[in-house]
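Contents: one structure, followed by commentary.
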Amino acid sequence: MRTSGVDYAQSGAFSTPPEAGGQAGGCEPGRLGAAAAGGWLDLAGIFRQYHADLVRLALLLVGDYASAEDVVQDVFTRLCARGRELDQDGALAYIRTAVVNGCRSVLRRRALARRIAVTRAAPWRDTQESAEHTAILAEDRRRVLAALAALPGRRREVLVLRFYLSLPVAEVAAILGISQGSVKSAAARGLTALARRLGEEQ
């Protein structure tokens with residue numbers, strides 16, 4: 001079981017280094033990222049400021065809170081462990097891309113597990129939602145999550161990035177590695193399908 005995001009940040013895992021001559025924090029072995037201006041990437045600050053938003057992004061893609069939190073913490077842990085150098089201005093976009101990729105991996109593993117379960121003639125049951133997850137999600141959120149989960153993966157990703165995060169088309173295209181035209185097409189089709197599933201089509 002992962003610790004909470006707040007506890008994880010306070011543990012020092014994402015500490016920025018001290019002044020020159022001192023011993024660096026948790027990321028020192030990899031000396032995580034000098035920014036273009038020569039300063040250190042404030043990974044701890046990014047974690048504190050954007051952790052909740054990143055977990056919500058992952059939640060909309062994978063559908064359960066525990067997996068969403070795991071995806072986000074894995075991204076930050078890998079950044080520390082690998083000593084990845086990032087420009088401060090581009091760090092959030094990079095981290096969002098890593099979260100989306102992590103969610104894709106989770107969904108691929110789930111699909112494989114479903115296939116294995118079918119071959120064993122055992123009914124697939126999703127992991128029971130945690131009490132925290134149940135408390136967080138109101139009924140309208142549940143309906144939206146269910147409708148999003150039923151969409152093809154690419155359309156779901158586009159809708160979450162474009163309309164939940166309000167990212168411009170160009171940035172969505174860059175994160176997903178597709179053209180801007182593909183983003184617009186996937187968004188239009190995804191919205192139509194989402195409205196139909198939610199019973200809101202006129």
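We label chains A, B, ... in the order they appear in the structure tokens, count residues from 1 in each chain, and number ligands from 1 in the order shown.
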Set the distance at 9 Å and use only C-alpha atoms: which residues neighbour Ala98 of chain A once local chain neighbours fewer than 4 positions away are removed? I'd like the list as JSON, numbers by chain. {"A": [71, 72, 75, 93, 94, 102, 103, 175]}
Using only C-alpha atoms, which protein or nucleic acid residues come within 12 Å of Ala186 of chain A? Drop anything in the same chain fewer than 5 positions from it, and give the result as a VMD selection string. chain A and resid 151 to 162 169 172 to 173 176 178 to 181 191 to 194
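Between atom CA of Ser166 of chain A and atom CA of Val106 of chain A the separation is 23.8 Å.
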Using only C-alpha atoms, which of the listed residues (A:Ala150, A:Leu165, A:Ala195, A:Val144) sits closest to Arg56 of chain A?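 When distances to Arg56 of chain A are compared using only C-alpha atoms, the smallest one comes from A:Leu165.
From atom CA of Asn101 of chain A back to atom CA of Leu148 of chain A, the distance works out to 17.2 Å.
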Quick check, in Å to one decimal: how far apart do atom CA of Gln73 of chain A and atom CA of Pro168 of chain A lie? 25.6 Å
Test item: residues at most 12 Å from Asp140 of chain A, only C-alpha atoms, excluding those fewer than 6 positions along its chain, as a list in words: Ala146, Ala147 and Leu198 of chain A
Those selected residues, please, written with N, CA and C atoms and delivered as a compact mmCIF listing (two decimals), in the first residue's frame.
```
# COMPACT_ATOMS: atom_id res chain seq x y z
N ALA A 146 -17.90 6.27 -15.85
CA ALA A 146 -18.35 5.08 -16.57
C ALA A 146 -18.43 5.35 -18.06
N ALA A 147 -18.93 6.53 -18.41
CA ALA A 147 -19.05 6.87 -19.83
C ALA A 147 -17.67 7.05 -20.45
N LEU A 198 -24.40 9.47 -21.82
CA LEU A 198 -24.94 10.16 -20.65
C LEU A 198 -26.39 10.58 -20.85
```
